[in-house]
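Let me begin by presenting the structure, written as structure tokens, before commenting on it.
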Amino acid sequence: MKTTEANSSVRNIADTALWVAYFRARESERPDALFRDPYAERLAGERGFEIANTLPEGNKHEWAWVARTYLFDKYVTEEIAKGADLVVNLAAGLDARPYRMDLPSELQWVEVDLPSIVSYKEQILANEKPRCRFERIALDLSNVPARRRLFAELNQRAKKIVVVTEGLLIYFTSEDVSEFAKDLAAVEHFESWVIDLASPGQLKLMQRTSGTKLSEAGAAFKFGPHEGPNFFLPYGWCAADVQGLLQTAAKFGRSPKELRPVVLDPNCIPANFPWTGVCLLGKV
């Protein structure tokens, strides 16, 4: 089918989930794949492939998406090994971890996202079986009273809960992120939180490339704090571990040859330096 501007442009923030699934599908095809996601190609669909290959630089940074997925897998696996009995994946997108990861059957896993994404995902995965006790909830997380009610309810389900927000915070303003962080910190049994983070320099770079089309679709990149992981300290969270995407990609031979990883203190990254990473946060 011929790709046209009408069917390849990102229409809304939900379309970004198709874009990300495309990269998981690409990595899964490799003989040396860092993870296997047998559902990614179906979830991405034809539109996910179109978006990745027509969005400005939409297909250029595959290494970063792969490194991000790998690091989230790593942190979630480690938190479960340390006793987490509930994973709460907020803005889960088209993530298939409850279906593809080696998980304890008694583990609880709850994922939350917009009704349109939940409906699409339920349709695609209707005949698949998750590997743990799994629930999918349709909710717009920008509805503050509704999300606080949900967090309070989830708090009653387990004693050691890990929260996952992959690819979410960058679409929030700093004010939105601070309120979100405080809401999570207020929940007694939310003990750890896995996030991805960009520096101000990386944010500006993204805004100038693929971010232009995403802004037009109401999915603008907004959050890249000067403080790095320390941004979260006043709101109840501190960094337990931080890993850069480029360093991780280089470790596994995924980074471009022209990009050399630089070892930096994630709490002291120069504002204009382009850096992205994944952080494991714990309660202060």
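Each chain of the structure tokens is named A, B, ... in the order shown, its residues numbered from 1; ligands are numbered from 1 in display order.
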
Give me, as a list in words, all polymer residues having an atom no more than 7 Å from A:Arg24, counting only C-alpha atoms and skipping those fewer than 6 positions away in the same chain. Asp37, Ala40 and Val66 of chain A

Enumerate the residues of stretch 53-217 of chain A with a DSSP assignment of strand (DSSP E or B), computed from the backbone, and present them as a count of residues only. 31

Shell around stretch 103-110 of chain A at 8 Å using only C-alpha atoms, local window under 2 positions removed, as a compact mmCIF listing (two decimals) with C-alpha atoms, in the first residue's frame:
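Done, and the output landed in selection15.txt:
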```txt
# COMPACT_ATOMS: atom_id res chain seq x y z
CA ASP A 85 4.02 -8.46 44.68
CA LEU A 86 2.25 -5.97 42.40
CA VAL A 87 3.44 -4.17 39.26
CA VAL A 88 1.42 -1.09 38.32
CA ASN A 89 2.14 -0.02 34.75
CA PRO A 98 2.77 -9.65 31.39
CA MET A 101 8.34 -12.06 30.56
CA VAL A 112 -3.66 1.50 33.06
CA ARG A 131 1.78 -15.28 32.77
CA CYS A 132 0.58 -13.77 36.04
CA ARG A 133 -2.57 -12.38 37.67
CA PHE A 134 -3.37 -9.59 35.28
CA GLU A 135 -5.86 -6.72 35.00
CA ARG A 136 -6.21 -3.92 32.48
CA ILE A 137 -7.92 -0.64 33.51
```

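Compared by their closest atoms to A:Ala220, and using only C-alpha atoms, the residues A:Leu203, A:Phe190, A:Leu245, A:Val118 rank with A:Leu203 nearest.
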
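The nearest approach to A:Lys74 among the residues A:Asp102, A:Glu46, A:Glu179, A:Asp113, with only C-alpha atoms taken into account, belongs to A:Asp102.
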
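For A:Val278, the residues within 6 Å (counting only C-alpha atoms, excluding itself and residues fewer than 2 positions away along the chain) are Ile195, Asp196, Val242 and Gln243 of chain A.
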
Report as CSV: every residue of stretch 14-84 of chain A with an atom at most 12 Å from stretch 258-264 of chain A, its closest pair of atoms, and their distance in Å to one decimal, counting only C-alpha atoms, with rows sorted by chain and ascending residue number.
```
residue,atom,partner,partner_atom,distance
A:His61,CA,A:Leu259,CA,11.3
A:Trp63,CA,A:Leu259,CA,11.1
A:Ala64,CA,A:Leu259,CA,11.7
```

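Going from atom CA of A:Val20 to atom CA of A:Leu94 covers 8.1 Å.
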
Using Å and a single decimal, report how far atom CA of A:Asp73 sits from atom CA of A:Thr276. 16.6 Å

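Closest approach to A:Ala181 among A:Ile269, A:Ala146, A:Leu43, A:Leu169 is made by A:Leu169 (distances from only C-alpha atoms).
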
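One finds atom CA of A:Ala25 at 23.9 Å from atom CA of A:Glu78.
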
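Of the listed residues A:Asp241, A:Asp183, A:Glu227, A:Glu188, the one whose atoms come nearest to A:Pro200 is A:Glu227, with distances taken using only C-alpha atoms.
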
Please provide as a PDB file with N, CA and C atoms, in the first residue's frame all residues within 10 Å of A:Glu166, with the sequence filter that same-chain residues fewer than 3 positions apart are discarded (counting only C-alpha atoms).
```
ATOM      1  N   ARG A  68      15.954   1.330  26.139  1.00  0.00           N
ATOM      2  CA  ARG A  68      14.931   1.677  27.127  1.00  0.00           C
ATOM      3  C   ARG A  68      14.121   0.454  27.528  1.00  0.00           C
ATOM      4  N   THR A  69      13.684  -0.321  26.550  1.00  0.00           N
ATOM      5  CA  THR A  69      12.909  -1.524  26.858  1.00  0.00           C
ATOM      6  C   THR A  69      13.725  -2.488  27.705  1.00  0.00           C
ATOM      7  N   PHE A  72      13.984  -1.179  31.356  1.00  0.00           N
ATOM      8  CA  PHE A  72      12.737  -1.351  32.105  1.00  0.00           C
ATOM      9  C   PHE A  72      12.524  -2.819  32.463  1.00  0.00           C
ATOM     10  N   ASN A  89       1.605  -0.634  35.956  1.00  0.00           N
ATOM     11  CA  ASN A  89       2.144  -0.017  34.748  1.00  0.00           C
ATOM     12  C   ASN A  89       1.183   1.072  34.289  1.00  0.00           C
ATOM     13  N   LEU A  90       1.563   2.332  34.510  1.00  0.00           N
ATOM     14  CA  LEU A  90       0.716   3.472  34.188  1.00  0.00           C
ATOM     15  C   LEU A  90       1.063   4.006  32.806  1.00  0.00           C
ATOM     16  N   ALA A  91       0.035   4.258  31.992  1.00  0.00           N
ATOM     17  CA  ALA A  91       0.223   4.596  30.578  1.00  0.00           C
ATOM     18  C   ALA A  91       0.996   3.473  29.899  1.00  0.00           C
ATOM     19  N   ALA A  92       0.463   2.264  30.026  1.00  0.00           N
ATOM     20  CA  ALA A  92       1.152   1.054  29.587  1.00  0.00           C
ATOM     21  C   ALA A  92       1.338   0.971  28.083  1.00  0.00           C
ATOM     22  N   GLY A  93       0.531   1.718  27.333  1.00  0.00           N
ATOM     23  CA  GLY A  93       0.658   1.650  25.884  1.00  0.00           C
ATOM     24  C   GLY A  93       0.420   0.247  25.374  1.00  0.00           C
ATOM     25  N   ASP A  95       2.577  -2.248  25.671  1.00  0.00           N
ATOM     26  CA  ASP A  95       3.520  -3.110  26.369  1.00  0.00           C
ATOM     27  C   ASP A  95       2.920  -4.505  26.548  1.00  0.00           C
ATOM     28  N   VAL A 163       5.906   0.776  40.606  1.00  0.00           N
ATOM     29  CA  VAL A 163       5.181   1.545  39.603  1.00  0.00           C
ATOM     30  C   VAL A 163       6.076   1.724  38.387  1.00  0.00           C
ATOM     31  N   LEU A 169       6.274  10.514  31.224  1.00  0.00           N
ATOM     32  CA  LEU A 169       6.546  11.812  31.839  1.00  0.00           C
ATOM     33  C   LEU A 169       6.970  12.878  30.845  1.00  0.00           C
ATOM     34  N   ILE A 170       7.586  12.512  29.741  1.00  0.00           N
ATOM     35  CA  ILE A 170       8.065  13.504  28.779  1.00  0.00           C
ATOM     36  C   ILE A 170       6.926  14.320  28.171  1.00  0.00           C
ATOM     37  N   VAL A 194       9.845   3.153  38.352  1.00  0.00           N
ATOM     38  CA  VAL A 194      10.784   3.115  37.227  1.00  0.00           C
ATOM     39  C   VAL A 194      10.325   4.122  36.174  1.00  0.00           C
ATOM     40  N   ILE A 195      11.218   5.036  35.812  1.00  0.00           N
ATOM     41  CA  ILE A 195      10.884   6.094  34.859  1.00  0.00           C
ATOM     42  C   ILE A 195      11.982   6.215  33.800  1.00  0.00           C
ATOM     43  N   ASP A 196      11.664   6.857  32.689  1.00  0.00           N
ATOM     44  CA  ASP A 196      12.698   7.289  31.748  1.00  0.00           C
ATOM     45  C   ASP A 196      12.763   8.811  31.800  1.00  0.00           C
ATOM     46  N   LEU A 197      13.959   9.338  31.503  1.00  0.00           N
ATOM     47  CA  LEU A 197      14.210  10.760  31.723  1.00  0.00           C
ATOM     48  C   LEU A 197      15.125  11.296  30.633  1.00  0.00           C
ATOM     49  N   VAL A 278      17.200   5.678  32.071  1.00  0.00           N
ATOM     50  CA  VAL A 278      16.129   5.052  32.854  1.00  0.00           C
ATOM     51  C   VAL A 278      16.554   5.073  34.304  1.00  0.00           C
TER      52      VAL A 278
END
```

Env of A:Phe252: 10 Å cut, atoms = only C-alpha atoms, seq-sep filter 5 positions within chain, self excluded. Answer as a ChimeraX atom specification. /A:32-34,63,67,247

Which residues, written as an MDAnalysis selection string, have at least one atom at most 12 Å from A:Asn143, with only C-alpha atoms counted and residues fewer than 4 positions away on the same chain left out? chainID A and resid 113:114 138:139 147:150 176 179:180

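If you measure from each of A:Ala240, A:Leu246, A:Val187, A:Cys268 to A:Glu153 using only C-alpha atoms, the closest one turns out to be A:Val187.
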